[in-house]
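One file, run.pdb, carrying PDB, C-alpha atoms and all ligand atoms:
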```
ATOM      1  CA  MET A1012     143.482  50.788 129.086  1.00  0.00           C
ATOM      2  CA  LEU A1013     146.470  48.779 130.252  1.00  0.00           C
ATOM      3  CA  ARG A1014     146.525  46.905 127.017  1.00  0.00           C
ATOM      4  CA  GLN A1015     146.472  50.152 125.065  1.00  0.00           C
ATOM      5  CA  LYS A1016     149.418  51.412 127.108  1.00  0.00           C
ATOM      6  CA  ASN A1017     151.418  48.239 126.564  1.00  0.00           C
ATOM      7  CA  ARG A1018     150.795  48.381 122.891  1.00  0.00           C
ATOM      8  CA  TRP A1019     152.011  51.955 122.842  1.00  0.00           C
ATOM      9  CA  ARG A1020     155.146  50.965 124.793  1.00  0.00           C
ATOM     10  CA  LEU A1021     155.792  48.128 122.403  1.00  0.00           C
ATOM     11  CA  SER A1022     155.408  50.348 119.362  1.00  0.00           C
ATOM     12  CA  LEU A1023     157.713  52.937 120.940  1.00  0.00           C
ATOM     13  CA  ALA A1024     160.311  50.239 121.597  1.00  0.00           C
ATOM     14  CA  THR A1025     159.995  49.023 118.005  1.00  0.00           C
ATOM     15  CA  THR A1026     160.388  52.563 116.724  1.00  0.00           C
ATOM     16  CA  VAL A1027     163.480  53.238 118.820  1.00  0.00           C
ATOM     17  CA  THR A1028     165.056  49.925 117.822  1.00  0.00           C
ATOM     18  CA  ALA A1029     164.333  50.583 114.168  1.00  0.00           C
ATOM     19  CA  LEU A1030     165.738  54.109 114.375  1.00  0.00           C
ATOM     20  CA  MET A1031     168.905  52.839 116.038  1.00  0.00           C
ATOM     21  CA  ALA A1032     169.317  50.177 113.378  1.00  0.00           C
ATOM     22  CA  GLY A1033     168.633  52.737 110.655  1.00  0.00           C
ATOM     23  CA  ILE A1034     165.659  50.737 109.414  1.00  0.00           C
ATOM     24  CA  ALA A1035     162.856  52.650 107.727  1.00  0.00           C
ATOM     25  CA  ILE A1036     159.573  52.510 109.595  1.00  0.00           C
ATOM     26  CA  ALA A1037     156.603  51.864 107.375  1.00  0.00           C
ATOM     27  CA  GLY A1038     154.158  54.735 106.989  1.00  0.00           C
ATOM     28  CA  PRO A1039     153.186  57.713 104.854  1.00  0.00           C
ATOM     29  CA  GLU A1040     155.912  59.880 106.425  1.00  0.00           C
ATOM     30  CA  ASN A1041     158.440  58.064 104.256  1.00  0.00           C
ATOM     31  CA  VAL A1042     156.914  59.836 101.290  1.00  0.00           C
ATOM     32  CA  GLU A1043     158.029  63.446 101.128  1.00  0.00           C
ATOM     33  CA  PHE A1044     156.011  66.060  99.298  1.00  0.00           C
ATOM     34  CA  PRO A1045     157.627  66.079  95.849  1.00  0.00           C
ATOM     35  CA  GLU A1046     158.446  69.783  95.589  1.00  0.00           C
ATOM     36  CA  ASN A1047     158.244  71.181  92.030  1.00  0.00           C
ATOM     37  CA  TYR A1048     156.728  67.991  90.615  1.00  0.00           C
ATOM     38  CA  ALA A1049     154.627  70.075  88.211  1.00  0.00           C
ATOM     39  CA  SER A1050     157.776  71.404  86.530  1.00  0.00           C
ATOM     40  CA  THR A1051     160.189  68.484  86.992  1.00  0.00           C
ATOM     41  CA  PHE A1052     157.983  65.398  86.533  1.00  0.00           C
ATOM     42  CA  VAL A1053     156.324  64.271  83.311  1.00  0.00           C
ATOM     43  CA  ARG A1054     152.581  64.729  83.119  1.00  0.00           C
ATOM     44  CA  TYR A1055     151.404  61.528  81.497  1.00  0.00           C
ATOM     45  CA  THR A1056     147.627  61.450  81.599  1.00  0.00           C
ATOM     46  CA  THR A1057     144.465  63.274  82.618  1.00  0.00           C
ATOM     47  CA  VAL A1058     141.326  61.726  84.086  1.00  0.00           C
ATOM     48  CA  ASP A1059     137.918  63.466  84.315  1.00  0.00           C
ATOM     49  CA  LYS A1060     135.746  62.489  87.288  1.00  0.00           C
ATOM     50  CA  PRO A1061     132.104  63.353  86.541  1.00  0.00           C
ATOM     51  CA  ASP A1062     130.922  61.391  89.584  1.00  0.00           C
ATOM     52  CA  ARG A1063     132.618  63.801  92.000  1.00  0.00           C
ATOM     53  CA  ASP A1064     130.805  66.728  93.585  1.00  0.00           C
ATOM     54  CA  PRO A1065     132.161  69.157  92.494  1.00  0.00           C
ATOM     55  CA  PRO A1066     133.453  67.436  89.327  1.00  0.00           C
ATOM     56  CA  ILE A1067     137.244  67.218  89.190  1.00  0.00           C
ATOM     57  CA  VAL A1068     140.048  66.721  86.713  1.00  0.00           C
ATOM     58  CA  ARG A1069     143.058  64.653  87.782  1.00  0.00           C
ATOM     59  CA  PHE A1070     146.547  65.329  86.416  1.00  0.00           C
ATOM     60  CA  MET A1071     148.946  62.391  86.721  1.00  0.00           C
ATOM     61  CA  TYR A1072     152.693  62.919  86.893  1.00  0.00           C
ATOM     62  CA  ILE A1073     155.614  60.479  87.066  1.00  0.00           C
ATOM     63  CA  ASN A1074     159.251  61.245  87.882  1.00  0.00           C
ATOM     64  CA  ALA A1075     161.475  61.355  84.806  1.00  0.00           C
ATOM     65  CA  ASP A1076     163.990  58.736  86.048  1.00  0.00           C
ATOM     66  CA  ALA A1077     161.263  56.172  86.548  1.00  0.00           C
ATOM     67  CA  LEU A1078     159.724  56.951  83.183  1.00  0.00           C
ATOM     68  CA  ALA A1079     163.115  56.514  81.493  1.00  0.00           C
ATOM     69  CA  THR A1080     163.826  53.101  83.005  1.00  0.00           C
ATOM     70  CA  ALA A1081     160.320  51.608  83.281  1.00  0.00           C
ATOM     71  CA  GLN A1082     159.704  48.568  81.100  1.00  0.00           C
ATOM     72  CA  PRO A1083     156.359  47.472  79.638  1.00  0.00           C
ATOM     73  CA  ASN A1084     154.628  44.719  81.612  1.00  0.00           C
ATOM     74  CA  GLU A1085     157.246  44.919  84.358  1.00  0.00           C
ATOM     75  CA  PRO A1086     156.892  46.282  87.886  1.00  0.00           C
ATOM     76  CA  LEU A1087     157.789  49.971  87.986  1.00  0.00           C
ATOM     77  CA  PRO A1088     161.384  50.710  89.020  1.00  0.00           C
ATOM     78  CA  GLN A1089     162.358  51.324  92.651  1.00  0.00           C
ATOM     79  CA  GLY A1090     162.263  55.081  93.182  1.00  0.00           C
ATOM     80  CA  THR A1091     159.097  55.568  91.150  1.00  0.00           C
ATOM     81  CA  ILE A1092     157.007  58.522  92.321  1.00  0.00           C
ATOM     82  CA  VAL A1093     153.532  59.009  90.885  1.00  0.00           C
ATOM     83  CA  VAL A1094     151.550  62.141  91.706  1.00  0.00           C
ATOM     84  CA  MET A1095     147.823  62.601  91.249  1.00  0.00           C
ATOM     85  CA  GLU A1096     146.822  66.263  91.380  1.00  0.00           C
ATOM     86  CA  ASP A1097     143.099  67.008  91.600  1.00  0.00           C
ATOM     87  CA  HIS A1098     141.729  70.186  90.030  1.00  0.00           C
ATOM     88  CA  GLU A1099     138.218  71.575  90.207  1.00  0.00           C
ATOM     89  CA  ALA A1100     136.581  71.571  86.766  1.00  0.00           C
ATOM     90  CA  GLU A1101     135.224  74.722  85.073  1.00  0.00           C
ATOM     91  CA  LEU A1102     131.451  74.851  85.488  1.00  0.00           C
ATOM     92  CA  THR A1103     128.688  76.420  83.398  1.00  0.00           C
ATOM     93  CA  ASP A1104     126.213  78.815  85.025  1.00  0.00           C
ATOM     94  CA  ASN A1105     124.000  75.785  85.698  1.00  0.00           C
ATOM     95  CA  GLY A1106     126.789  74.121  87.614  1.00  0.00           C
ATOM     96  CA  GLU A1107     127.405  71.532  84.899  1.00  0.00           C
ATOM     97  CA  PRO A1108     131.014  70.807  83.935  1.00  0.00           C
ATOM     98  CA  LEU A1109     132.096  72.759  80.865  1.00  0.00           C
ATOM     99  CA  ARG A1110     133.495  70.561  78.068  1.00  0.00           C
ATOM    100  CA  ASP A1111     136.071  71.226  75.370  1.00  0.00           C
ATOM    101  CA  ALA A1112     135.766  70.209  71.699  1.00  0.00           C
ATOM    102  CA  ASN A1113     136.744  66.644  72.628  1.00  0.00           C
ATOM    103  CA  GLY A1114     134.127  66.428  75.347  1.00  0.00           C
ATOM    104  CA  ARG A1115     136.765  66.654  78.069  1.00  0.00           C
ATOM    105  CA  PHE A1116     136.463  68.712  81.243  1.00  0.00           C
ATOM    106  CA  ILE A1117     138.351  71.978  81.496  1.00  0.00           C
ATOM    107  CA  PRO A1118     140.497  72.133  84.639  1.00  0.00           C
ATOM    108  CA  THR A1119     140.700  75.298  86.735  1.00  0.00           C
ATOM    109  CA  ASP A1120     143.914  76.242  88.546  1.00  0.00           C
ATOM    110  CA  GLU A1121     142.176  75.334  91.792  1.00  0.00           C
ATOM    111  CA  ILE A1122     144.052  72.300  93.129  1.00  0.00           C
ATOM    112  CA  THR A1123     142.169  70.452  95.834  1.00  0.00           C
ATOM    113  CA  ASN A1124     144.419  67.517  96.733  1.00  0.00           C
ATOM    114  CA  VAL A1125     147.770  65.993  95.891  1.00  0.00           C
ATOM    115  CA  PHE A1126     148.052  62.212  96.233  1.00  0.00           C
ATOM    116  CA  VAL A1127     151.390  60.458  96.003  1.00  0.00           C
ATOM    117  CA  GLN A1128     152.369  56.842  95.471  1.00  0.00           C
ATOM    118  CA  GLN A1129     156.070  56.026  95.840  1.00  0.00           C
ATOM    119  CA  LYS A1130     158.043  52.777  95.907  1.00  0.00           C
ATOM    120  CA  GLU A1131     161.477  52.172  97.385  1.00  0.00           C
ATOM    121  CA  GLN A1132     163.381  48.995  98.137  1.00  0.00           C
ATOM    122  CA  GLY A1133     162.186  47.463 101.400  1.00  0.00           C
ATOM    123  CA  TRP A1134     159.299  49.838 102.052  1.00  0.00           C
ATOM    124  CA  GLY A1135     156.640  47.130 102.039  1.00  0.00           C
ATOM    125  CA  GLU A1136     158.446  44.731 104.342  1.00  0.00           C
ATOM    126  CA  GLU A1137     156.773  45.750 107.586  1.00  0.00           C
ATOM    127  CA  TYR A1138     153.244  45.373 106.254  1.00  0.00           C
ATOM    128  CA  SER A1139     151.263  42.157 106.496  1.00  0.00           C
ATOM    129  CA  GLU A1140     150.933  40.228 103.246  1.00  0.00           C
ATOM    130  CA  GLU A1141     147.254  41.104 103.354  1.00  0.00           C
ATOM    131  CA  LYS A1142     147.803  44.843 103.426  1.00  0.00           C
ATOM    132  CA  ARG A1143     151.061  45.141 101.548  1.00  0.00           C
ATOM    133  CA  ASN A1144     151.128  46.760  98.117  1.00  0.00           C
ATOM    134  CA  GLY A1145     154.550  45.531  97.006  1.00  0.00           C
ATOM    135  CA  GLU A1146     157.034  48.228  98.039  1.00  0.00           C
ATOM    136  CA  TRP A1147     154.563  51.123  97.687  1.00  0.00           C
ATOM    137  CA  GLU A1148     153.675  53.750 100.261  1.00  0.00           C
ATOM    138  CA  TYR A1149     150.867  56.277  99.874  1.00  0.00           C
ATOM    139  CA  ALA A1150     150.612  59.879 101.023  1.00  0.00           C
ATOM    140  CA  TRP A1151     148.049  62.652 100.808  1.00  0.00           C
ATOM    141  CA  PHE A1152     148.912  66.352 100.796  1.00  0.00           C
ATOM    142  CA  GLN A1153     147.217  69.698 100.509  1.00  0.00           C
ATOM    143  CA  PRO A1154     148.340  71.690  97.451  1.00  0.00           C
ATOM    144  CA  ASP A1155     150.822  73.672  99.596  1.00  0.00           C
ATOM    145  CA  GLY A1156     152.537  70.451 100.659  1.00  0.00           C
ATOM    146  CA  THR A1157     150.934  70.154 104.102  1.00  0.00           C
ATOM    147  CA  ARG A1158     150.368  66.506 104.926  1.00  0.00           C
ATOM    148  CA  GLN A1159     146.805  65.261 105.472  1.00  0.00           C
ATOM    149  CA  ASP A1160     147.104  63.439 108.747  1.00  0.00           C
ATOM    150  CA  ARG A1161     144.838  60.488 107.964  1.00  0.00           C
ATOM    151  CA  SER A1162     145.010  56.750 107.649  1.00  0.00           C
ATOM    152  CA  MET A1163     146.227  55.521 104.277  1.00  0.00           C
ATOM    153  CA  ASP A1164     144.542  52.115 104.760  1.00  0.00           C
ATOM    154  CA  SER A1165     141.915  52.783 102.102  1.00  0.00           C
ATOM    155  CA  CYS A1166     144.629  53.602  99.561  1.00  0.00           C
ATOM    156  CA  PHE A1167     146.265  50.194 100.127  1.00  0.00           C
ATOM    157  CA  GLU A1168     142.895  48.415 100.010  1.00  0.00           C
ATOM    158  CA  CYS A1169     141.613  49.969  96.820  1.00  0.00           C
ATOM    159  CA  HIS A1170     144.897  49.813  94.905  1.00  0.00           C
ATOM    160  CA  GLN A1171     145.001  46.044  95.635  1.00  0.00           C
ATOM    161  CA  GLN A1172     142.517  45.787  92.760  1.00  0.00           C
ATOM    162  CA  VAL A1173     145.349  46.494  90.364  1.00  0.00           C
ATOM    163  CA  ALA A1174     148.031  44.328  92.017  1.00  0.00           C
ATOM    164  CA  ASP A1175     148.688  42.856  88.562  1.00  0.00           C
ATOM    165  CA  GLN A1176     149.638  46.367  87.323  1.00  0.00           C
ATOM    166  CA  ASP A1177     152.085  46.949  90.178  1.00  0.00           C
ATOM    167  CA  PHE A1178     149.233  48.573  92.142  1.00  0.00           C
ATOM    168  CA  THR A1179     148.819  51.473  89.722  1.00  0.00           C
ATOM    169  CA  PHE A1180     145.640  52.202  87.814  1.00  0.00           C
ATOM    170  CA  THR A1181     147.095  54.507  85.169  1.00  0.00           C
ATOM    171  CA  ALA A1182     150.923  54.358  85.269  1.00  0.00           C
ATOM    172  CA  TRP A1183     151.268  50.717  84.177  1.00  0.00           C
ATOM    173  CA  PRO A1184     148.884  50.996  81.185  1.00  0.00           C
ATOM    174  CA  PHE A1185     150.626  54.212  80.151  1.00  0.00           C
ATOM    175  CA  ILE A1186     154.097  52.613  80.209  1.00  0.00           C
ATOM    176  CA  THR A1187     152.782  49.639  78.256  1.00  0.00           C
ATOM    177  CA  ARG A1188     151.158  51.920  75.694  1.00  0.00           C
ATOM    178  CA  ILE A1189     154.228  54.056  75.021  1.00  0.00           C
ATOM    179  CA  LYS A1190     156.907  51.362  75.307  1.00  0.00           C
ATOM    180  CA  GLY A1191     155.137  48.483  73.571  1.00  0.00           C
ATOM    181  CA  GLU A1192     153.611  45.240  74.773  1.00  0.00           C
TER     182      GLU A1192
HETATM  183  C1  LIG A1201     138.184  53.517  96.107  1.00  0.00           C
HETATM  184  C2  LIG A1201     139.412  53.314  95.388  1.00  0.00           C
HETATM  185  C3  LIG A1201     140.630  54.176  95.639  1.00  0.00           C
HETATM  186  C4  LIG A1201     141.111  54.656  96.836  1.00  0.00           C
HETATM  187  C5  LIG A1201     140.515  54.518  98.213  1.00  0.00           C
HETATM  188  C6  LIG A1201     142.342  55.359  96.516  1.00  0.00           C
HETATM  189  N1  LIG A1201     142.594  55.306  95.174  1.00  0.00           N
HETATM  190 FE1  LIG A1201     144.208  56.078  94.228  1.00  0.00          FE
HETATM  191  N2  LIG A1201     143.345  55.667  92.449  1.00  0.00           N
HETATM  192  C7  LIG A1201     142.150  54.998  92.262  1.00  0.00           C
HETATM  193  C8  LIG A1201     141.803  55.010  90.853  1.00  0.00           C
HETATM  194  C9  LIG A1201     140.571  54.349  90.241  1.00  0.00           C
HETATM  195  C10 LIG A1201     142.827  55.717  90.200  1.00  0.00           C
HETATM  196  C11 LIG A1201     142.900  56.080  88.718  1.00  0.00           C
HETATM  197  C12 LIG A1201     142.379  57.494  88.504  1.00  0.00           C
HETATM  198  C13 LIG A1201     140.892  57.634  88.699  1.00  0.00           C
HETATM  199  O1  LIG A1201     140.108  56.970  88.002  1.00  0.00           O
HETATM  200  O2  LIG A1201     140.493  58.430  89.561  1.00  0.00           O
HETATM  201  C14 LIG A1201     143.787  56.090  91.238  1.00  0.00           C
HETATM  202  C15 LIG A1201     144.986  56.724  90.969  1.00  0.00           C
HETATM  203  C16 LIG A1201     145.924  57.078  91.922  1.00  0.00           C
HETATM  204  C17 LIG A1201     147.215  57.656  91.645  1.00  0.00           C
HETATM  205  C18 LIG A1201     147.816  57.849  90.271  1.00  0.00           C
HETATM  206  C19 LIG A1201     148.594  56.586  89.887  1.00  0.00           C
HETATM  207  C20 LIG A1201     147.695  55.414  89.553  1.00  0.00           C
HETATM  208  O3  LIG A1201     147.660  54.445  90.338  1.00  0.00           O
HETATM  209  O4  LIG A1201     146.970  55.487  88.547  1.00  0.00           O
HETATM  210  C21 LIG A1201     147.790  57.935  92.846  1.00  0.00           C
HETATM  211  C22 LIG A1201     149.144  58.561  93.086  1.00  0.00           C
HETATM  212  C23 LIG A1201     146.853  57.529  93.878  1.00  0.00           C
HETATM  213  N3  LIG A1201     145.741  56.994  93.283  1.00  0.00           N
HETATM  214  C24 LIG A1201     147.084  57.682  95.222  1.00  0.00           C
HETATM  215  C25 LIG A1201     146.133  57.349  96.195  1.00  0.00           C
HETATM  216  C26 LIG A1201     146.281  57.653  97.609  1.00  0.00           C
HETATM  217  C27 LIG A1201     147.463  58.359  98.236  1.00  0.00           C
HETATM  218  C28 LIG A1201     145.154  57.185  98.229  1.00  0.00           C
HETATM  219  C29 LIG A1201     144.773  57.273  99.687  1.00  0.00           C
HETATM  220  C30 LIG A1201     144.804  58.564 100.325  1.00  0.00           C
HETATM  221  C31 LIG A1201     144.323  56.583  97.200  1.00  0.00           C
HETATM  222  N4  LIG A1201     144.947  56.690  95.992  1.00  0.00           N
HETATM  223  C32 LIG A1201     143.109  55.979  97.454  1.00  0.00           C
HETATM  224  C33 LIG A1201     141.414  54.404  93.232  1.00  0.00           C
HETATM  225  C34 LIG A1201     141.563  54.618  94.598  1.00  0.00           C
END
```
Go through the file and emit its structure as structure tokens.
Amino acid sequence: MLRQKNRWRLSLATTVTALMAGIAIAGPENVEFPENYASTFVRYTTVDKPDRDPPIVRFMYINADALATAQPNEPLPQGTIVVMEDHEAELTDNGEPLRDANGRFIPTDEITNVFVQQKEQGWGEEYSEEKRNGEWEYAWFQPDGTRQDRSMDSCFECHQQVADQDFTFTAWPFITRIKGE
């Protein structure tokens, strides 16, 4: 109990010191809901997820500035914002996902989650080397922009798998594909 309290005091002191020094405190709150991303960002790929129940379709968006300056096989620029917007898929009467002529799922307008990955200079500094994903932070929102108040630890852990692609599963391969090897 005492230990818990001390830890809390310590973290409060750290927070106050950081605020006074104008230093960003690591955490998902650094990532703001990117208002109007659907109209201002570039939608760069779509991923069907048959393993999900219900099946979903993911729309990926990247901010235009980052897309303009990103280089193939290079870490994404500071200020990159990638959005992953999950949609429920259209289902047949049997509850199977409906497919288009190319065998792809057909997304409904029903958005279930909005996941964001953003990198800014210095954002990763407070994380341990073990946890750190470069300068990336992760955030999870409801479609209306309300923040999901949960731990982002699993985001950091899983995206470690693609550390060699600047911690992105789809953005790095996309940049490489459109801008050359
Ligand atoms: C178990 C692994 C796993 C976890 C946990 C995970 N992701 Fe991902 N993430 C992926 C995969 C794989 C993709 C590529 C799309 C796909 O196949 O679903 C992805 C794609 C993304 C993208 C699109 C950019 C990119 O990297 O391709 C964003 C943004 C994203 N995830 C954010 C998050 C956030 C925020 C969390 C935590 C709330 C999170 N992810 C947790 C595996 C994971």
Nearby residues (all atoms listed in the file) at most 12 Å from Val1127 in chain A, same-chain spacing under 2 positions excluded, as a PyMOL selection string: chain A and resi 1039-1046+1048+1070-1074+1091-1097+1124-1125+1129-1130+1147-1154+1156+1158-1159+1163+1166+1179
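When CA of Arg1063 in chain A is paired with CA of Pro1184 in chain A, their separation reads 23.4 Å.
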Distance CA of Thr1119 in chain A-CA of Glu1099 in chain A, one decimal place?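 About the pair CA of Thr1119 in chain A and CA of Glu1099 in chain A: they are 5.7 Å apart.
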Counting only C-alpha atoms, which of A:Thr1181, A:Gln1132, A:Gln1176, A:Asn1084 gets nearest to Glu1146 in chain A?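 Of all the options, A:Gln1132 lies closest to Glu1146 in chain A.
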Between A:Asp1120, A:Asp1059, A:Asp1175, A:Glu1101, which one has atoms that come closest to Gly1145 in chain A, using only C-alpha atoms?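 Distance minimum relative to Gly1145 in chain A lands on A:Asp1175.
Of the listed residues (A:Glu1136, A:Glu1121, A:Thr1187, A:Glu1141), A:Glu1121 comes nearest to Asp1155 in chain A; the distances count all atoms listed in the file.
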Using all atoms listed in the file for the distances, tell me which of A:Thr1123, A:Asn1113, A:Asn1105, A:Thr1056 is nearest to ligand LIG 1201 (chain A).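 Of all the options, A:Thr1056 lies closest to ligand LIG 1201 (chain A).
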